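> This one is final29.txt, compact mmCIF, C-alpha atoms (C1' of nucleotides).
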# COMPACT_ATOMS: atom_id res chain seq x y z
CA MET A 1 15.92 27.63 11.07
CA GLY A 2 13.06 26.22 9.11
CA ILE A 3 13.61 23.27 6.87
CA LYS A 4 12.49 23.64 3.31
CA SER A 5 14.41 21.07 1.35
CA PRO A 6 13.96 17.30 1.14
CA LEU A 7 17.60 16.85 2.14
CA GLY A 8 17.08 19.04 5.22
CA ILE A 9 14.04 17.01 6.22
CA TYR A 10 15.99 13.80 5.70
CA GLU A 11 18.80 15.00 7.94
CA ALA A 12 16.36 16.15 10.62
CA LEU A 13 14.60 12.79 10.63
CA LEU A 14 17.85 10.87 10.65
CA SER A 15 19.19 12.79 13.61
CA ARG A 16 15.86 12.36 15.39
CA TYR A 17 15.28 8.65 14.82
CA GLY A 18 18.60 7.23 13.66
CA PRO A 19 19.00 4.60 10.92
CA GLN A 20 15.95 2.34 10.55
CA GLY A 21 17.66 -0.68 9.02
CA TRP A 22 15.20 -1.39 6.23
CA TRP A 23 14.11 -3.65 4.58
CA PRO A 24 13.31 -5.91 7.54
CA ILE A 25 13.91 -9.54 6.54
CA GLN A 26 14.42 -12.72 8.53
CA ASN A 27 16.76 -14.12 5.91
CA ASN A 28 14.73 -17.27 5.37
CA PHE A 29 14.28 -16.94 1.63
CA LYS A 30 16.44 -17.81 -1.35
CA PRO A 31 17.89 -15.45 -2.27
CA PRO A 32 17.31 -13.02 0.61
CA GLU A 33 16.20 -10.28 -1.81
CA TRP A 34 13.31 -12.49 -2.87
CA GLU A 35 11.87 -12.10 0.60
CA ILE A 36 11.84 -8.34 -0.02
CA CYS A 37 9.95 -8.79 -3.29
CA VAL A 38 7.38 -11.02 -1.60
CA GLY A 39 7.05 -8.65 1.35
CA ALA A 40 6.57 -5.67 -0.97
CA ILE A 41 3.51 -7.34 -2.48
CA LEU A 42 2.12 -8.69 0.77
CA THR A 43 2.33 -5.34 2.57
CA GLN A 44 -0.02 -3.61 0.15
CA ASN A 45 -2.56 -1.86 2.39
CA THR A 46 -1.67 -4.31 5.14
CA SER A 47 0.08 -4.00 8.48
CA TRP A 48 3.56 -5.50 8.60
CA ASN A 49 2.48 -7.67 11.52
CA ASN A 50 0.09 -9.55 9.24
CA VAL A 51 2.70 -9.76 6.50
CA GLU A 52 5.09 -11.54 8.87
CA LYS A 53 2.49 -14.21 9.58
CA ALA A 54 2.19 -14.95 5.88
CA LEU A 55 5.97 -14.92 5.42
CA ASP A 56 6.24 -17.42 8.28
CA ASN A 57 3.68 -19.64 6.58
CA LEU A 58 5.73 -19.58 3.39
CA LYS A 59 8.92 -20.40 5.27
CA ASN A 60 7.33 -23.21 7.28
CA ASN A 61 6.02 -24.78 4.10
CA ASN A 62 9.32 -24.53 2.24
CA CYS A 63 7.95 -22.02 -0.19
CA VAL A 64 10.95 -19.72 -0.10
CA SER A 65 12.26 -19.42 -3.65
CA VAL A 66 10.99 -18.17 -6.98
CA ARG A 67 10.75 -21.78 -8.18
CA ASP A 68 8.75 -22.72 -5.07
CA ILE A 69 6.16 -20.04 -5.83
CA LEU A 70 5.86 -21.24 -9.43
CA ASP A 71 5.45 -24.86 -8.30
CA THR A 72 2.89 -24.19 -5.56
CA ARG A 73 -0.79 -24.56 -6.46
CA ARG A 74 -2.85 -21.37 -6.37
CA SER A 75 -5.20 -22.73 -3.72
CA GLU A 76 -2.28 -23.71 -1.51
CA LEU A 77 -0.59 -20.35 -2.00
CA GLU A 78 -3.81 -18.57 -1.07
CA ARG A 79 -4.00 -20.60 2.12
CA LEU A 80 -0.45 -19.60 3.08
CA LEU A 81 -1.01 -15.94 2.30
CA LYS A 82 -4.34 -15.69 4.09
CA PRO A 83 -3.12 -13.80 7.21
CA SER A 84 -1.91 -10.90 5.06
CA GLY A 85 -5.34 -10.28 3.55
CA PHE A 86 -6.27 -9.85 -0.14
CA PHE A 87 -4.87 -13.35 -0.51
CA ARG A 88 -6.50 -14.07 -3.86
CA GLN A 89 -5.03 -11.09 -5.67
CA LYS A 90 -1.72 -11.30 -3.84
CA SER A 91 -1.22 -14.97 -4.75
CA LYS A 92 -1.91 -14.10 -8.37
CA THR A 93 0.47 -11.14 -8.33
CA LEU A 94 3.18 -13.16 -6.62
CA LYS A 95 3.04 -15.81 -9.31
CA LEU A 96 3.21 -13.13 -12.02
CA LEU A 97 6.33 -11.67 -10.41
CA ALA A 98 7.90 -15.12 -10.07
CA LYS A 99 7.22 -15.70 -13.77
CA LEU A 100 8.90 -12.41 -14.63
CA VAL A 101 11.96 -13.20 -12.49
CA ASN A 102 12.11 -16.59 -14.14
CA THR A 103 12.55 -15.02 -17.57
CA PHE A 104 15.95 -13.72 -16.48
CA ASN A 105 19.10 -15.86 -16.41
CA SER A 106 19.39 -15.56 -12.66
CA PHE A 107 18.11 -13.51 -9.78
CA GLU A 108 21.23 -11.36 -10.06
CA ASP A 109 20.39 -10.80 -13.70
CA PHE A 110 16.86 -9.78 -12.66
CA LYS A 111 18.25 -7.33 -10.09
CA ARG A 112 20.57 -5.72 -12.61
CA ASN A 113 18.30 -5.55 -15.61
CA VAL A 114 14.66 -5.45 -14.57
CA THR A 115 12.94 -2.18 -15.47
CA ARG A 116 10.26 -0.20 -13.70
CA GLY A 117 8.09 -0.56 -16.79
CA ALA A 118 8.34 -4.34 -16.73
CA LEU A 119 7.24 -4.44 -13.09
CA LEU A 120 4.37 -2.00 -13.68
CA LYS A 121 3.02 -4.21 -16.46
CA LEU A 122 2.24 -6.92 -13.92
CA ASN A 123 -1.32 -6.83 -12.66
CA GLY A 124 -1.22 -6.08 -8.95
CA ILE A 125 2.07 -4.19 -9.00
CA GLY A 126 1.60 -0.43 -8.98
CA PRO A 127 4.16 2.37 -8.63
CA GLU A 128 4.81 2.01 -4.91
CA THR A 129 5.33 -1.74 -5.01
CA ALA A 130 7.50 -1.44 -8.13
CA ASP A 131 9.67 1.22 -6.53
CA SER A 132 9.96 -0.80 -3.31
CA ILE A 133 11.24 -3.78 -5.28
CA LEU A 134 13.63 -1.64 -7.34
CA LEU A 135 15.01 0.15 -4.29
CA TYR A 136 15.05 -2.44 -1.53
CA ALA A 137 15.54 -5.66 -3.51
CA CYS A 138 17.53 -4.43 -6.51
CA GLY A 139 19.43 -1.56 -4.90
CA LYS A 140 18.38 0.91 -7.58
CA PRO A 141 17.80 4.58 -6.64
CA SER A 142 14.03 4.70 -7.15
CA PHE A 143 12.17 6.77 -4.53
CA VAL A 144 9.23 5.05 -2.84
CA VAL A 145 6.32 7.46 -2.40
CA ASP A 146 3.68 6.28 0.03
CA ALA A 147 0.69 7.87 1.72
CA TYR A 148 2.89 9.20 4.53
CA THR A 149 5.27 10.83 2.05
CA ARG A 150 2.39 12.53 0.27
CA ARG A 151 0.87 13.75 3.53
CA ILE A 152 4.09 15.02 5.06
CA PHE A 153 5.39 16.88 2.02
CA HIS A 154 2.00 18.38 1.44
CA ARG A 155 1.85 19.57 5.05
CA LEU A 156 5.23 21.19 4.64
CA GLY A 157 3.93 22.97 1.57
CA LEU A 158 6.52 21.39 -0.71
CA VAL A 159 4.08 19.62 -3.02
CA GLY A 160 0.57 20.53 -4.06
CA HIS A 161 -2.45 18.81 -2.60
CA ASP A 162 -3.28 17.35 -5.99
CA ALA A 163 0.24 16.11 -6.74
CA GLY A 164 0.10 12.50 -7.86
CA TYR A 165 2.59 9.70 -7.31
CA GLU A 166 4.88 10.41 -10.26
CA LYS A 167 4.95 14.14 -9.63
CA ILE A 168 6.05 13.71 -6.02
CA ARG A 169 8.60 11.10 -7.03
CA ASP A 170 10.02 13.41 -9.70
CA TYR A 171 10.19 16.26 -7.20
CA LEU A 172 12.08 14.19 -4.63
CA GLU A 173 14.43 12.53 -7.08
CA SER A 174 15.35 15.85 -8.67
CA ASN A 175 15.99 17.45 -5.27
CA LEU A 176 18.07 14.67 -3.76
CA PRO A 177 21.34 13.03 -4.73
CA LYS A 178 20.68 9.92 -6.82
CA ASP A 179 21.64 7.62 -3.98
CA ALA A 180 19.91 4.32 -3.25
CA SER A 181 21.06 4.16 0.35
CA LEU A 182 19.70 7.66 0.97
CA TYR A 183 16.33 6.81 -0.63
CA ASN A 184 16.29 3.61 1.39
CA GLU A 185 16.77 5.35 4.70
CA PHE A 186 14.56 8.33 3.86
CA HIS A 187 11.50 6.25 3.04
CA ALA A 188 11.96 4.16 6.18
CA LEU A 189 12.24 7.33 8.27
CA ILE A 190 9.09 8.75 6.68
CA VAL A 191 7.18 5.60 7.56
CA ARG A 192 8.53 5.82 11.10
CA LEU A 193 7.40 9.43 11.36
CA GLY A 194 4.05 8.73 9.75
CA LYS A 195 3.26 5.88 12.10
CA GLU A 196 4.19 7.91 15.13
CA ALA A 197 2.51 11.15 14.24
CA CYS A 198 -0.36 10.64 11.92
CA ARG A 199 -2.11 7.39 12.71
CA LYS A 200 -5.06 8.79 14.60
CA SER A 201 -6.02 11.52 12.25
CA PRO A 202 -4.76 13.12 9.05
CA LEU A 203 -5.34 16.39 10.89
CA CYS A 204 -3.17 15.39 13.84
CA MET A 205 -1.56 18.50 15.33
CA LYS A 206 1.19 16.68 17.17
CA CYS A 207 3.38 16.08 14.19
CA PRO A 208 7.01 15.63 15.31
CA LEU A 209 8.14 17.57 12.27
CA GLU A 210 6.66 20.65 13.90
CA ASP A 211 9.77 21.29 15.93
CA VAL A 212 12.06 21.11 12.94
CA CYS A 213 9.90 23.10 10.57
CA GLU A 214 9.17 26.79 10.67
CA LYS A 215 5.58 26.20 9.77
CA ARG A 216 3.41 26.02 12.85
CA GLY A 217 -0.07 24.68 13.25
CA PHE A 218 -0.17 22.06 10.56
CA PRO A 219 -3.54 21.85 8.86
C1' DG B 1 -17.73 -3.43 16.77
C1' DG B 2 -15.65 -0.06 13.81
C1' DC B 3 -11.44 1.55 11.95
C1' DC B 4 -7.19 1.06 9.77
C1' DA B 5 -2.83 -0.85 7.81
C1' DG B 6 4.20 0.46 4.34
C1' DG B 7 -2.02 -0.33 -2.60
C1' DA B 8 -3.87 -1.57 -6.89
C1' DC B 9 -7.35 -1.92 -10.17
C1' DA B 10 -11.85 -1.91 -12.54
C1' DC B 11 -15.53 0.82 -13.52
C1' DC B 12 -17.93 5.03 -14.13
C1' DA B 13 -19.02 9.82 -15.35
C1' DT C 1 -8.46 12.53 -14.44
C1' DG C 2 -10.96 12.07 -10.62
C1' DG C 3 -14.09 9.69 -7.57
C1' DT C 4 -15.79 5.29 -5.77
C1' DG C 5 -16.22 0.30 -4.77
C1' DT C 6 -13.70 -3.94 -4.12
C1' DC C 7 -10.36 -6.96 -2.43
C1' DA C 8 -9.67 -9.55 3.23
C1' DT C 9 -7.20 -10.37 7.50
C1' DG C 10 -5.88 -9.22 12.24
C1' DG C 11 -4.88 -5.84 15.97
C1' DC C 12 -6.48 -2.29 18.78
Translate this file's structure into structure tokens.

Amino acid sequence: MGIKSPLGIYEALLSRYGPQGWWPIQNNFKPPEWEICVGAILTQNTSWNNVEKALDNLKNNNCVSVRDILDTRRSELERLLKPSGFFRQKSKTLKLLAKLVNTFNSFEDFKRNVTRGALLKLNGIGPETADSILLYACGKPSFVVDAYTRRIFHRLGLVGHDAGYEKIRDYLESNLPKDASLYNEFHALIVRLGKEACRKSPLCMKCPLEDVCEKRGFP
DNA sequence: GGCCAGGACACCA
DNA sequence: TGGTGTCATGGC
């Protein structure tokens, strides 16, 4: 049986790989969800390995809370973030996010009441980073669409080649139960699949989805 | 030594 | 709106 629905693909990936346990945190930050917010910014176009080096720098310099980020000088923050690349823009974005969080009564208040629009207004936070924060830090059902998602669903013929971020997100959210834990696991599984199958070439023929999809010979 | 990684944005036509 | 350059480090 070929798999044509997002839910079918999710189930196939879950049975293949098992739960991925995202978001990976070391639980060094206060509160723990703040580490997710920081990681979401640092991982922009950057390998997670490099992000961990920067997170370690923050931890080892007691820069682990929203207040710490606000109180740390830009030059110092840039030095700590250096291993994750793009350290100038990321330090700026991180301070902007800390300022936004600080306008709420508490971090719990931020988690409950922050909106996608408010996050997207911050320079340096685009749709994927905003959705990562909403889903993985705030527990809200907001689907994270990344390059792997776009590539995989296009290969399966479920979205057009020209479909943009919001279109793919709308498609997935309207074809899946509105369930944060499902979105959480699905995105992590897609990243797992993408890393395994498609790193060498976007035209890679050894896509693991091939054995669960009726379509053969992916483009 | 080149390519790429869990993007975003400014600028241009 | 779509394409292109820029931001930057570290691993392979």
> Report as number ranges by chain all protein, DNA and RNA residues lying within 7 Å of range 5-12 of chain B, evaluated on all atoms listed in the file, omitting residues in the same chain fewer than 5 positions from it.
A: 43-47, 124-126, 191
> Output as a ChimeraX atom specification the set of chain A residues within 7 Å of chain C, with distances taken over only C-alpha atoms (C1' of nucleotides).
/A:50,82-86
> What does the distance from CA of Cys138 in chain A to CA of Glu33 in chain A come to in Å, to one decimal?
7.6 Å
> At most 9 Å from (11.7, 1.7, 15.1), file frame, only C-alpha atoms (C1' of nucleotides): which residues, as a count of residues only?
7
> Could you list as a VMD selection string every residue that has an atom within 12 Å of (5.0, 12.0, -6.0), using the file's coordinates and counting only C-alpha atoms (C1' of nucleotides)?
chain A and resid 127 to 128 131 142 to 154 158 to 174
> For chain B, which of A:Gln26, A:Asn49, A:Asn61, A:Ser181 is the closest residue, counting only C-alpha atoms (C1' of nucleotides)?
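The closest residue to chain B is A:Asn49.
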> May I ask for the distance between CA of Val66 in chain A and CA of Ala98 in chain A, given in Å to one decimal place?
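Answer for the CA of Val66 in chain A to CA of Ala98 in chain A separation: 5.3 Å.
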> Take CA of Val64 in chain A and CA of His187 in chain A and report the distance between them in Å, one decimal.
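Result for CA of Val64 in chain A versus CA of His187 in chain A: 26.2 Å, one decimal.
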> Between A:Asn184, A:Ile190, A:Asn175, A:Asn60, which one has atoms that come closest to Arg16 in chain A, using all atoms listed in the file?
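Residue with the minimum atom-to-atom distance to Arg16 in chain A: A:Ile190.
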